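Trainee: My structure is in input33.txt, and what it holds is compact mmCIF, N, CA and C atoms:
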```
# COMPACT_ATOMS: atom_id res chain seq x y z
N MET A 308 -9.22 15.51 -6.33
CA MET A 308 -8.37 16.19 -5.36
C MET A 308 -8.78 15.82 -3.93
N LYS A 309 -10.08 15.63 -3.71
CA LYS A 309 -10.56 15.28 -2.38
C LYS A 309 -9.96 13.94 -1.92
N GLU A 310 -9.89 12.95 -2.83
CA GLU A 310 -9.33 11.65 -2.50
C GLU A 310 -7.84 11.74 -2.19
N PHE A 311 -7.14 12.57 -2.97
CA PHE A 311 -5.71 12.78 -2.77
C PHE A 311 -5.46 13.34 -1.37
N GLN A 312 -6.22 14.36 -1.00
CA GLN A 312 -6.07 14.98 0.32
C GLN A 312 -6.41 13.99 1.44
N LYS A 313 -7.45 13.20 1.22
CA LYS A 313 -7.85 12.21 2.23
C LYS A 313 -6.75 11.17 2.44
N GLU A 314 -6.15 10.70 1.35
CA GLU A 314 -5.07 9.73 1.47
C GLU A 314 -3.89 10.31 2.24
N ILE A 315 -3.54 11.56 1.97
CA ILE A 315 -2.45 12.22 2.68
C ILE A 315 -2.76 12.34 4.17
N GLU A 316 -3.99 12.74 4.49
CA GLU A 316 -4.38 12.88 5.90
C GLU A 316 -4.31 11.54 6.63
N ILE A 317 -4.73 10.48 5.95
CA ILE A 317 -4.67 9.15 6.57
C ILE A 317 -3.22 8.71 6.74
N LEU A 318 -2.41 8.84 5.70
CA LEU A 318 -1.01 8.43 5.79
C LEU A 318 -0.26 9.21 6.87
N ALA A 319 -0.59 10.46 7.06
CA ALA A 319 0.07 11.29 8.07
C ALA A 319 -0.19 10.78 9.49
N GLN A 320 -1.27 10.03 9.67
CA GLN A 320 -1.61 9.49 10.99
C GLN A 320 -0.92 8.17 11.29
N LEU A 321 -0.29 7.58 10.28
CA LEU A 321 0.27 6.24 10.43
C LEU A 321 1.77 6.25 10.60
N ASP A 322 2.24 5.50 11.58
CA ASP A 322 3.68 5.34 11.80
C ASP A 322 3.90 3.93 12.33
N HIS A 323 4.09 3.00 11.41
CA HIS A 323 4.25 1.59 11.78
C HIS A 323 5.28 0.95 10.87
N LYS A 324 6.06 0.04 11.40
CA LYS A 324 7.15 -0.57 10.63
C LYS A 324 6.67 -1.39 9.44
N HIS A 325 5.39 -1.77 9.40
CA HIS A 325 4.88 -2.56 8.28
C HIS A 325 3.89 -1.78 7.41
N ILE A 326 3.98 -0.46 7.46
CA ILE A 326 3.18 0.42 6.61
C ILE A 326 4.14 1.41 5.96
N THR A 327 4.01 1.61 4.65
CA THR A 327 4.91 2.55 3.97
C THR A 327 4.78 3.94 4.58
N LYS A 328 5.91 4.56 4.78
CA LYS A 328 5.94 5.88 5.42
C LYS A 328 5.79 6.99 4.38
N LEU A 329 5.02 7.99 4.76
CA LEU A 329 4.87 9.21 3.95
C LEU A 329 6.11 10.06 4.16
N ILE A 330 6.77 10.42 3.07
CA ILE A 330 7.98 11.23 3.16
C ILE A 330 7.68 12.68 2.80
N ALA A 331 6.95 12.88 1.71
CA ALA A 331 6.65 14.26 1.28
C ALA A 331 5.43 14.26 0.37
N VAL A 332 4.85 15.43 0.23
CA VAL A 332 3.75 15.65 -0.71
C VAL A 332 4.16 16.81 -1.60
N LEU A 333 4.13 16.56 -2.90
CA LEU A 333 4.51 17.58 -3.88
C LEU A 333 3.27 17.94 -4.68
N SER A 334 2.92 19.20 -4.69
CA SER A 334 1.73 19.65 -5.39
C SER A 334 2.09 20.25 -6.74
N ASP A 335 1.26 19.95 -7.72
CA ASP A 335 1.38 20.53 -9.06
C ASP A 335 2.79 20.38 -9.65
N GLU A 336 3.32 19.17 -9.59
CA GLU A 336 4.64 18.90 -10.15
C GLU A 336 4.53 18.73 -11.67
N SER A 337 5.47 19.27 -12.38
CA SER A 337 5.48 19.22 -13.84
C SER A 337 6.32 18.03 -14.31
N TYR A 338 5.78 17.26 -15.23
CA TYR A 338 6.48 16.12 -15.83
C TYR A 338 6.39 16.23 -17.33
N HIS A 339 7.39 15.67 -17.99
CA HIS A 339 7.39 15.66 -19.46
C HIS A 339 7.41 14.22 -19.94
N LYS A 340 6.50 13.91 -20.84
CA LYS A 340 6.47 12.59 -21.47
C LYS A 340 7.60 12.52 -22.49
N LYS A 341 7.88 11.31 -22.97
CA LYS A 341 8.93 11.14 -23.97
C LYS A 341 8.66 11.94 -25.24
N ASN A 342 7.38 12.13 -25.54
CA ASN A 342 7.02 12.89 -26.74
C ASN A 342 7.09 14.40 -26.51
N GLY A 343 7.51 14.82 -25.32
CA GLY A 343 7.66 16.23 -25.00
C GLY A 343 6.44 16.86 -24.35
N GLU A 344 5.33 16.14 -24.33
CA GLU A 344 4.10 16.67 -23.72
C GLU A 344 4.29 16.83 -22.22
N GLU A 345 3.85 17.96 -21.71
CA GLU A 345 3.97 18.25 -20.28
C GLU A 345 2.63 17.98 -19.60
N PHE A 346 2.69 17.43 -18.39
CA PHE A 346 1.48 17.28 -17.59
C PHE A 346 1.81 17.58 -16.14
N ILE A 347 0.79 17.97 -15.39
CA ILE A 347 0.94 18.38 -13.99
C ILE A 347 0.28 17.33 -13.11
N ARG A 348 0.95 16.92 -12.05
CA ARG A 348 0.42 15.92 -11.13
C ARG A 348 0.78 16.28 -9.69
N ASN A 349 -0.08 15.85 -8.78
CA ASN A 349 0.26 15.86 -7.36
C ASN A 349 0.96 14.53 -7.08
N VAL A 350 1.96 14.57 -6.21
CA VAL A 350 2.79 13.39 -5.97
C VAL A 350 2.89 13.12 -4.48
N ILE A 351 2.72 11.85 -4.11
CA ILE A 351 2.97 11.41 -2.75
C ILE A 351 4.29 10.64 -2.77
N VAL A 352 5.28 11.11 -2.04
CA VAL A 352 6.58 10.45 -1.97
C VAL A 352 6.55 9.52 -0.76
N MET A 353 6.78 8.24 -1.05
CA MET A 353 6.71 7.21 -0.01
C MET A 353 8.07 6.55 0.19
N GLU A 354 8.20 5.88 1.30
CA GLU A 354 9.36 5.05 1.60
C GLU A 354 9.55 4.02 0.48
N LEU A 355 10.79 3.74 0.15
CA LEU A 355 11.11 2.78 -0.91
C LEU A 355 10.88 1.34 -0.42
N ALA A 356 10.19 0.57 -1.24
CA ALA A 356 10.03 -0.86 -1.00
C ALA A 356 10.77 -1.56 -2.14
N SER A 357 12.05 -1.76 -1.96
CA SER A 357 12.95 -2.15 -3.05
C SER A 357 12.75 -3.56 -3.60
N LYS A 358 12.05 -4.41 -2.87
CA LYS A 358 11.86 -5.80 -3.34
C LYS A 358 10.52 -6.01 -4.04
N GLY A 359 9.83 -4.92 -4.37
CA GLY A 359 8.61 -5.05 -5.16
C GLY A 359 7.39 -5.40 -4.32
N HIS A 360 6.39 -6.00 -4.99
CA HIS A 360 5.16 -6.33 -4.27
C HIS A 360 5.06 -7.83 -4.01
N LEU A 361 4.21 -8.18 -3.08
CA LEU A 361 4.07 -9.57 -2.64
C LEU A 361 3.67 -10.49 -3.78
N PHE A 362 2.81 -10.02 -4.68
CA PHE A 362 2.36 -10.86 -5.79
C PHE A 362 3.54 -11.26 -6.68
N GLY A 363 4.40 -10.31 -6.99
CA GLY A 363 5.58 -10.61 -7.81
C GLY A 363 6.51 -11.60 -7.12
N PHE A 364 6.69 -11.43 -5.83
CA PHE A 364 7.55 -12.33 -5.07
C PHE A 364 6.95 -13.74 -5.00
N LEU A 365 5.63 -13.81 -4.86
CA LEU A 365 4.94 -15.10 -4.84
C LEU A 365 5.09 -15.82 -6.19
N LYS A 366 4.93 -15.06 -7.28
CA LYS A 366 5.10 -15.66 -8.61
C LYS A 366 6.54 -16.16 -8.81
N ALA A 367 7.51 -15.36 -8.38
CA ALA A 367 8.91 -15.77 -8.50
C ALA A 367 9.19 -17.00 -7.66
N SER A 368 8.64 -17.06 -6.46
CA SER A 368 8.82 -18.21 -5.58
C SER A 368 8.24 -19.46 -6.21
N ALA A 369 7.06 -19.34 -6.80
CA ALA A 369 6.41 -20.48 -7.45
C ALA A 369 7.24 -20.97 -8.64
N LYS A 370 7.81 -20.03 -9.38
CA LYS A 370 8.61 -20.40 -10.56
C LYS A 370 9.90 -21.12 -10.15
N VAL A 371 10.56 -20.61 -9.13
CA VAL A 371 11.84 -21.17 -8.69
C VAL A 371 11.64 -22.47 -7.91
N ASN A 372 10.66 -22.47 -6.98
CA ASN A 372 10.47 -23.61 -6.09
C ASN A 372 9.39 -24.58 -6.54
N GLY A 373 8.66 -24.22 -7.57
CA GLY A 373 7.55 -25.08 -8.00
C GLY A 373 6.36 -24.99 -7.08
N ALA A 374 6.39 -24.08 -6.13
CA ALA A 374 5.29 -23.90 -5.18
C ALA A 374 5.35 -22.47 -4.65
N GLY A 375 4.37 -22.11 -3.84
CA GLY A 375 4.34 -20.78 -3.23
C GLY A 375 5.36 -20.69 -2.11
N PHE A 376 5.04 -19.90 -1.11
CA PHE A 376 5.94 -19.71 0.02
C PHE A 376 5.95 -20.93 0.93
N SER A 377 7.06 -21.09 1.64
CA SER A 377 7.11 -22.12 2.68
C SER A 377 6.17 -21.69 3.80
N ASP A 378 5.80 -22.63 4.66
CA ASP A 378 4.93 -22.30 5.79
C ASP A 378 5.56 -21.22 6.67
N ALA A 379 6.85 -21.30 6.89
CA ALA A 379 7.52 -20.31 7.75
C ALA A 379 7.45 -18.91 7.14
N VAL A 380 7.69 -18.79 5.85
CA VAL A 380 7.63 -17.49 5.19
C VAL A 380 6.20 -16.97 5.19
N ALA A 381 5.24 -17.83 4.86
CA ALA A 381 3.82 -17.42 4.85
C ALA A 381 3.39 -16.94 6.23
N ARG A 382 3.79 -17.66 7.28
CA ARG A 382 3.43 -17.25 8.65
C ARG A 382 4.03 -15.90 8.99
N THR A 383 5.28 -15.68 8.60
CA THR A 383 5.94 -14.40 8.88
C THR A 383 5.21 -13.26 8.19
N PHE A 384 4.91 -13.43 6.90
CA PHE A 384 4.19 -12.40 6.17
C PHE A 384 2.81 -12.16 6.78
N PHE A 385 2.11 -13.22 7.09
CA PHE A 385 0.77 -13.09 7.66
C PHE A 385 0.83 -12.35 9.00
N HIS A 386 1.78 -12.70 9.84
CA HIS A 386 1.93 -12.03 11.15
C HIS A 386 2.18 -10.53 10.95
N GLN A 387 3.05 -10.18 10.02
CA GLN A 387 3.35 -8.77 9.78
C GLN A 387 2.12 -8.02 9.25
N MET A 388 1.35 -8.67 8.36
CA MET A 388 0.14 -8.02 7.84
C MET A 388 -0.88 -7.81 8.94
N VAL A 389 -1.09 -8.81 9.78
CA VAL A 389 -2.06 -8.69 10.87
C VAL A 389 -1.63 -7.59 11.83
N GLU A 390 -0.35 -7.51 12.11
CA GLU A 390 0.18 -6.46 12.99
C GLU A 390 -0.14 -5.07 12.43
N ALA A 391 0.10 -4.88 11.12
CA ALA A 391 -0.14 -3.59 10.48
C ALA A 391 -1.63 -3.25 10.43
N ILE A 392 -2.46 -4.23 10.09
CA ILE A 392 -3.90 -4.00 9.99
C ILE A 392 -4.48 -3.72 11.37
N ASP A 393 -4.02 -4.44 12.38
CA ASP A 393 -4.47 -4.19 13.75
C ASP A 393 -4.10 -2.75 14.16
N TYR A 394 -2.91 -2.32 13.81
CA TYR A 394 -2.48 -0.95 14.10
C TYR A 394 -3.44 0.05 13.44
N CYS A 395 -3.74 -0.16 12.15
CA CYS A 395 -4.67 0.74 11.44
C CYS A 395 -6.04 0.76 12.12
N HIS A 396 -6.57 -0.42 12.40
CA HIS A 396 -7.90 -0.51 12.99
C HIS A 396 -7.93 0.12 14.38
N SER A 397 -6.84 0.03 15.12
CA SER A 397 -6.80 0.66 16.45
C SER A 397 -6.89 2.18 16.34
N ARG A 398 -6.57 2.70 15.16
CA ARG A 398 -6.68 4.15 14.89
C ARG A 398 -7.90 4.47 14.03
N LYS A 399 -8.80 3.47 13.93
CA LYS A 399 -10.06 3.60 13.20
C LYS A 399 -9.85 3.89 11.71
N ILE A 400 -8.76 3.36 11.16
CA ILE A 400 -8.48 3.49 9.73
C ILE A 400 -8.68 2.12 9.09
N VAL A 401 -9.46 2.11 8.01
CA VAL A 401 -9.75 0.87 7.28
C VAL A 401 -9.16 1.01 5.88
N HIS A 402 -8.29 0.09 5.48
CA HIS A 402 -7.58 0.16 4.19
C HIS A 402 -8.52 0.00 3.00
N ARG A 403 -9.36 -0.99 2.98
CA ARG A 403 -10.39 -1.27 1.99
C ARG A 403 -9.89 -1.73 0.62
N ASP A 404 -8.59 -1.94 0.45
CA ASP A 404 -8.11 -2.42 -0.84
C ASP A 404 -6.86 -3.29 -0.67
N LEU A 405 -6.91 -4.18 0.32
CA LEU A 405 -5.77 -5.06 0.54
C LEU A 405 -5.75 -6.13 -0.55
N LYS A 406 -4.62 -6.23 -1.21
CA LYS A 406 -4.39 -7.24 -2.23
C LYS A 406 -2.88 -7.37 -2.38
N PRO A 407 -2.41 -8.47 -2.95
CA PRO A 407 -0.96 -8.68 -3.01
C PRO A 407 -0.18 -7.54 -3.68
N GLU A 408 -0.79 -6.84 -4.62
CA GLU A 408 -0.10 -5.73 -5.28
C GLU A 408 0.05 -4.51 -4.37
N ASN A 409 -0.74 -4.43 -3.31
CA ASN A 409 -0.64 -3.31 -2.36
C ASN A 409 0.13 -3.69 -1.10
N ILE A 410 0.72 -4.86 -1.12
CA ILE A 410 1.57 -5.31 -0.02
C ILE A 410 2.98 -5.39 -0.58
N LEU A 411 3.81 -4.44 -0.17
CA LEU A 411 5.16 -4.31 -0.72
C LEU A 411 6.18 -4.96 0.21
N LEU A 412 7.40 -5.12 -0.31
CA LEU A 412 8.49 -5.73 0.45
C LEU A 412 9.68 -4.79 0.47
N ASP A 413 10.23 -4.57 1.66
CA ASP A 413 11.40 -3.70 1.76
C ASP A 413 12.68 -4.50 1.48
N ALA A 414 13.82 -3.89 1.68
CA ALA A 414 15.11 -4.53 1.38
C ALA A 414 15.34 -5.80 2.20
N ASP A 415 14.70 -5.91 3.36
CA ASP A 415 14.84 -7.09 4.22
C ASP A 415 13.71 -8.09 4.01
N TYR A 416 12.90 -7.89 2.98
CA TYR A 416 11.73 -8.72 2.68
C TYR A 416 10.69 -8.67 3.80
N ASP A 417 10.60 -7.53 4.45
CA ASP A 417 9.53 -7.31 5.43
C ASP A 417 8.37 -6.62 4.71
N ILE A 418 7.16 -6.91 5.17
CA ILE A 418 5.93 -6.38 4.60
C ILE A 418 5.83 -4.87 4.83
N LYS A 419 5.34 -4.16 3.81
CA LYS A 419 5.00 -2.74 3.91
C LYS A 419 3.66 -2.56 3.20
N ILE A 420 2.61 -2.33 3.95
CA ILE A 420 1.30 -2.11 3.35
C ILE A 420 1.27 -0.71 2.74
N ALA A 421 0.77 -0.64 1.50
CA ALA A 421 0.80 0.61 0.74
C ALA A 421 -0.56 0.89 0.12
N ASP A 422 -0.65 2.01 -0.56
CA ASP A 422 -1.81 2.44 -1.34
C ASP A 422 -3.06 2.58 -0.47
N PHE A 423 -3.13 3.68 0.23
CA PHE A 423 -4.27 3.98 1.08
C PHE A 423 -5.29 4.87 0.38
N GLY A 424 -5.31 4.80 -0.95
CA GLY A 424 -6.22 5.60 -1.74
C GLY A 424 -7.69 5.31 -1.50
N TRP A 425 -8.04 4.09 -1.14
CA TRP A 425 -9.44 3.73 -0.84
C TRP A 425 -9.71 3.74 0.66
N ALA A 426 -8.70 4.03 1.47
CA ALA A 426 -8.86 3.98 2.92
C ALA A 426 -9.89 5.00 3.41
N THR A 427 -10.45 4.69 4.56
CA THR A 427 -11.41 5.61 5.16
C THR A 427 -11.28 5.54 6.68
N ILE A 428 -11.83 6.53 7.32
CA ILE A 428 -11.90 6.55 8.78
C ILE A 428 -13.20 5.86 9.17
N LEU A 429 -13.09 4.92 10.09
CA LEU A 429 -14.27 4.19 10.55
C LEU A 429 -15.19 5.14 11.31
N ASP A 430 -16.43 5.17 10.89
CA ASP A 430 -17.42 6.03 11.52
C ASP A 430 -18.78 5.34 11.46
N ASN A 431 -19.81 6.03 11.78
CA ASN A 431 -21.15 5.43 11.79
C ASN A 431 -21.86 5.54 10.44
N ILE A 432 -21.17 6.07 9.44
CA ILE A 432 -21.76 6.22 8.11
C ILE A 432 -21.58 4.93 7.33
N LYS A 433 -22.62 4.51 6.64
CA LYS A 433 -22.52 3.33 5.79
C LYS A 433 -21.79 3.73 4.51
N HIS A 434 -20.65 3.12 4.25
CA HIS A 434 -19.86 3.42 3.07
C HIS A 434 -20.28 2.46 1.96
N ILE A 435 -20.74 3.01 0.86
CA ILE A 435 -21.25 2.16 -0.22
C ILE A 435 -20.37 2.16 -1.45
N THR A 436 -19.22 2.81 -1.39
CA THR A 436 -18.31 2.82 -2.51
C THR A 436 -17.81 1.40 -2.77
N ARG A 437 -17.93 0.98 -4.02
CA ARG A 437 -17.43 -0.35 -4.38
C ARG A 437 -15.93 -0.27 -4.54
N ALA A 438 -15.22 -1.14 -3.87
CA ALA A 438 -13.77 -1.16 -3.94
C ALA A 438 -13.31 -2.59 -4.14
N GLY A 439 -12.08 -2.73 -4.60
CA GLY A 439 -11.53 -4.06 -4.77
C GLY A 439 -11.74 -4.61 -6.16
N THR A 440 -11.39 -5.85 -6.34
CA THR A 440 -11.47 -6.52 -7.64
C THR A 440 -12.91 -6.84 -7.97
N GLN A 441 -13.36 -6.42 -9.14
CA GLN A 441 -14.71 -6.70 -9.59
C GLN A 441 -14.69 -8.00 -10.40
N VAL A 442 -15.59 -8.90 -10.09
CA VAL A 442 -15.65 -10.19 -10.79
C VAL A 442 -16.73 -10.16 -11.83
```
Rewrite the structure from the file as structure tokens, please.
Mentor:
Amino acid sequence: MKEFQKEIEILAQLDHKHITKLIAVLSDESYHKKNGEEFIRNVIVMELASKGHLFGFLKASAKVNGAGFSDAVARTFFHQMVEAIDYCHSRKIVHRDLKPENILLDADYDIKIADFGWATILDNIKHITRAGTQV
């Protein structure tokens, strides 16, 4: 629960065109599985990123074009990511889990950085939590 609250507090501080927007927080929502089993979850409602994540788009581009993104597309995506990360860092927020699956695309194929579950506020404390892909 502490991590859930921390993510909400961080998302509430962010308002940038290349970061998914927090729309609502629903506490103790009831869901039913197909087998009828009920479970309770807290839910963060975010802005829709209708074109999926960057990794999926990169795979599709490679399949269709025989290669990854063109230089122009890669530069555009990179510029948008740097803009969003610079915005976060200017507010002393560190994402800590940037990967293609956490970089979403909206209806216009613009970047939306998502999943601030590992994010933290930059401070003088040494953070030793292991995050990211383990090799």
Trainee: Would you give me, as JSON, numbers by chain, the residues in chain A that DSSP reads as alpha helix (DSSP H)?
Mentor: {"A": [309, 310, 311, 312, 313, 314, 315, 316, 317, 318, 319, 361, 362, 363, 364, 365, 366, 367, 368, 369, 370, 371, 372, 378, 379, 380, 381, 382, 383, 384, 385, 386, 387, 388, 389, 390, 391, 392, 393, 394, 395, 396, 397]}
Trainee: How far is it from atom N of A:Lys366 to atom CA of A:Ala381, in Å with one decimal?
Mentor: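 Atom CA of A:Ala381 lies at a distance of 12.4 Å from atom N of A:Lys366.
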Trainee: What gap, in Å, lies between atom CA of A:Leu412 and atom CA of A:Tyr338?
Mentor: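 So the two atoms, atom CA of A:Leu412 and atom CA of A:Tyr338, lie 27.3 Å apart.
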Trainee: Calculate how many Å separate atom C of A:Cys395 from atom N of A:Asp413, rounding to one decimal.
Mentor: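 Value for the atom C of A:Cys395-atom N of A:Asp413 distance: 20.1 Å.
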Trainee: Have a look at A:His386, A:Ala426, A:Lys419, A:Ser368 and name the one nearest to A:Val401; count all atoms listed in the file.
Mentor: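 Among A:His386, A:Ala426, A:Lys419, A:Ser368, it is A:Ala426 that comes nearest to A:Val401.
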Trainee: Which is closer to A:Asp415 than all the others in A:Ser357, A:Asp430, A:Arg382, A:Phe362, using only N, CA and C atoms?
Mentor: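 Closest residue, counting only N, CA and C atoms: A:Ser357.
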Trainee: Which residue out of A:Leu361, A:Leu333, A:Ile347, A:Ala356 has the minimum interatomic distance to A:Pro407 when only N, CA and C atoms are used?
Mentor: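 Distance minimum relative to A:Pro407 lands on A:Leu361.
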Trainee: Counting only C-alpha atoms, which residues sit no farther than 12 Å from the position (2.6, 24.0, -7.5) in the file's frame? I'd like them as a list in words.
Mentor: Val332, Leu333, Ser334, Asp335, Glu336, Ser337, Ile347, Arg348, Asn349 and Val350 of chain A
Trainee: Taking (4.4, 11.1, 2.6) in the file's coordinates as the center, which residues reach within 8 Å of it, counting only C-alpha atoms, put as a PyMOL selection string?
Mentor: chain A and resi 315+318-319+328-332+351-354
Trainee: Considering all atoms listed in the file, can you say which of A:Leu411, A:Leu365, A:Leu321, A:Ala374 comes closest to A:Tyr394?
Mentor: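 Of A:Leu411, A:Leu365, A:Leu321, A:Ala374, the one nearest A:Tyr394, counting all atoms listed in the file, is A:Leu321.
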Trainee: Closest to A:Arg398 among A:Asn372, A:Thr383, A:Leu429, A:Thr327, using only C-alpha atoms?
Mentor: A:Leu429
Trainee: Write down as an MDAnalysis selection string the residues of chain A whose backbone DSSP state falls under strand (DSSP E).
Mentor: chainID A and resid 329:339 345:353 400:401 410:412 418:420 427:428
Trainee: Save the residues we just selected, N, CA and C atoms, as an mmCIF file, in the frame of the given file?
Mentor:
```
data_model
loop_
_atom_site.group_PDB
_atom_site.id
_atom_site.type_symbol
_atom_site.label_atom_id
_atom_site.label_comp_id
_atom_site.auth_asym_id
_atom_site.auth_seq_id
_atom_site.Cartn_x
_atom_site.Cartn_y
_atom_site.Cartn_z
ATOM 1 N N LEU A 329 5.020 7.990 4.760
ATOM 2 C CA LEU A 329 4.870 9.210 3.950
ATOM 3 C C LEU A 329 6.110 10.060 4.160
ATOM 4 N N ILE A 330 6.770 10.420 3.070
ATOM 5 C CA ILE A 330 7.980 11.230 3.160
ATOM 6 C C ILE A 330 7.680 12.680 2.800
ATOM 7 N N ALA A 331 6.950 12.880 1.710
ATOM 8 C CA ALA A 331 6.650 14.260 1.280
ATOM 9 C C ALA A 331 5.430 14.260 0.370
ATOM 10 N N VAL A 332 4.850 15.430 0.230
ATOM 11 C CA VAL A 332 3.750 15.650 -0.710
ATOM 12 C C VAL A 332 4.160 16.810 -1.600
ATOM 13 N N LEU A 333 4.130 16.560 -2.900
ATOM 14 C CA LEU A 333 4.510 17.580 -3.880
ATOM 15 C C LEU A 333 3.270 17.940 -4.680
ATOM 16 N N SER A 334 2.920 19.200 -4.690
ATOM 17 C CA SER A 334 1.730 19.650 -5.390
ATOM 18 C C SER A 334 2.090 20.250 -6.740
ATOM 19 N N ASP A 335 1.260 19.950 -7.720
ATOM 20 C CA ASP A 335 1.380 20.530 -9.060
ATOM 21 C C ASP A 335 2.790 20.380 -9.650
ATOM 22 N N GLU A 336 3.320 19.170 -9.590
ATOM 23 C CA GLU A 336 4.640 18.900 -10.150
ATOM 24 C C GLU A 336 4.530 18.730 -11.670
ATOM 25 N N SER A 337 5.470 19.270 -12.380
ATOM 26 C CA SER A 337 5.480 19.220 -13.840
ATOM 27 C C SER A 337 6.320 18.030 -14.310
ATOM 28 N N TYR A 338 5.780 17.260 -15.230
ATOM 29 C CA TYR A 338 6.480 16.120 -15.830
ATOM 30 C C TYR A 338 6.390 16.230 -17.330
ATOM 31 N N HIS A 339 7.390 15.670 -17.990
ATOM 32 C CA HIS A 339 7.390 15.660 -19.460
ATOM 33 C C HIS A 339 7.410 14.220 -19.940
ATOM 34 N N GLU A 345 3.850 17.960 -21.710
ATOM 35 C CA GLU A 345 3.970 18.250 -20.280
ATOM 36 C C GLU A 345 2.630 17.980 -19.600
ATOM 37 N N PHE A 346 2.690 17.430 -18.390
ATOM 38 C CA PHE A 346 1.480 17.280 -17.590
ATOM 39 C C PHE A 346 1.810 17.580 -16.140
ATOM 40 N N ILE A 347 0.790 17.970 -15.390
ATOM 41 C CA ILE A 347 0.940 18.380 -13.990
ATOM 42 C C ILE A 347 0.280 17.330 -13.110
ATOM 43 N N ARG A 348 0.950 16.920 -12.050
ATOM 44 C CA ARG A 348 0.420 15.920 -11.130
ATOM 45 C C ARG A 348 0.780 16.280 -9.690
ATOM 46 N N ASN A 349 -0.080 15.850 -8.780
ATOM 47 C CA ASN A 349 0.260 15.860 -7.360
ATOM 48 C C ASN A 349 0.960 14.530 -7.080
ATOM 49 N N VAL A 350 1.960 14.570 -6.210
ATOM 50 C CA VAL A 350 2.790 13.390 -5.970
ATOM 51 C C VAL A 350 2.890 13.120 -4.480
ATOM 52 N N ILE A 351 2.720 11.850 -4.110
ATOM 53 C CA ILE A 351 2.970 11.410 -2.750
ATOM 54 C C ILE A 351 4.290 10.640 -2.770
ATOM 55 N N VAL A 352 5.280 11.110 -2.040
ATOM 56 C CA VAL A 352 6.580 10.450 -1.970
ATOM 57 C C VAL A 352 6.550 9.520 -0.760
ATOM 58 N N MET A 353 6.780 8.240 -1.050
ATOM 59 C CA MET A 353 6.710 7.210 -0.010
ATOM 60 C C MET A 353 8.070 6.550 0.190
ATOM 61 N N ILE A 400 -8.760 3.360 11.160
ATOM 62 C CA ILE A 400 -8.480 3.490 9.730
ATOM 63 C C ILE A 400 -8.680 2.120 9.090
ATOM 64 N N VAL A 401 -9.460 2.110 8.010
ATOM 65 C CA VAL A 401 -9.750 0.870 7.280
ATOM 66 C C VAL A 401 -9.160 1.010 5.880
ATOM 67 N N ILE A 410 0.720 -4.860 -1.120
ATOM 68 C CA ILE A 410 1.570 -5.310 -0.020
ATOM 69 C C ILE A 410 2.980 -5.390 -0.580
ATOM 70 N N LEU A 411 3.810 -4.440 -0.170
ATOM 71 C CA LEU A 411 5.160 -4.310 -0.720
ATOM 72 C C LEU A 411 6.180 -4.960 0.210
ATOM 73 N N LEU A 412 7.400 -5.120 -0.310
ATOM 74 C CA LEU A 412 8.490 -5.730 0.450
ATOM 75 C C LEU A 412 9.680 -4.790 0.470
ATOM 76 N N ILE A 418 7.160 -6.910 5.170
ATOM 77 C CA ILE A 418 5.930 -6.380 4.600
ATOM 78 C C ILE A 418 5.830 -4.870 4.830
ATOM 79 N N LYS A 419 5.340 -4.160 3.810
ATOM 80 C CA LYS A 419 5.000 -2.740 3.910
ATOM 81 C C LYS A 419 3.660 -2.560 3.200
ATOM 82 N N ILE A 420 2.610 -2.330 3.950
ATOM 83 C CA ILE A 420 1.300 -2.110 3.350
ATOM 84 C C ILE A 420 1.270 -0.710 2.740
ATOM 85 N N THR A 427 -10.450 4.690 4.560
ATOM 86 C CA THR A 427 -11.410 5.610 5.160
ATOM 87 C C THR A 427 -11.280 5.540 6.680
ATOM 88 N N ILE A 428 -11.830 6.530 7.320
ATOM 89 C CA ILE A 428 -11.900 6.550 8.780
ATOM 90 C C ILE A 428 -13.200 5.860 9.170
#
```
Trainee: So, counting only C-alpha atoms, which residue among A:Ile418, A:His396, A:Ile326, A:Val371 is closest to A:Lys358?
Mentor: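 Comparing A:Ile418, A:His396, A:Ile326, A:Val371 against A:Lys358, the winner is A:Ile418.
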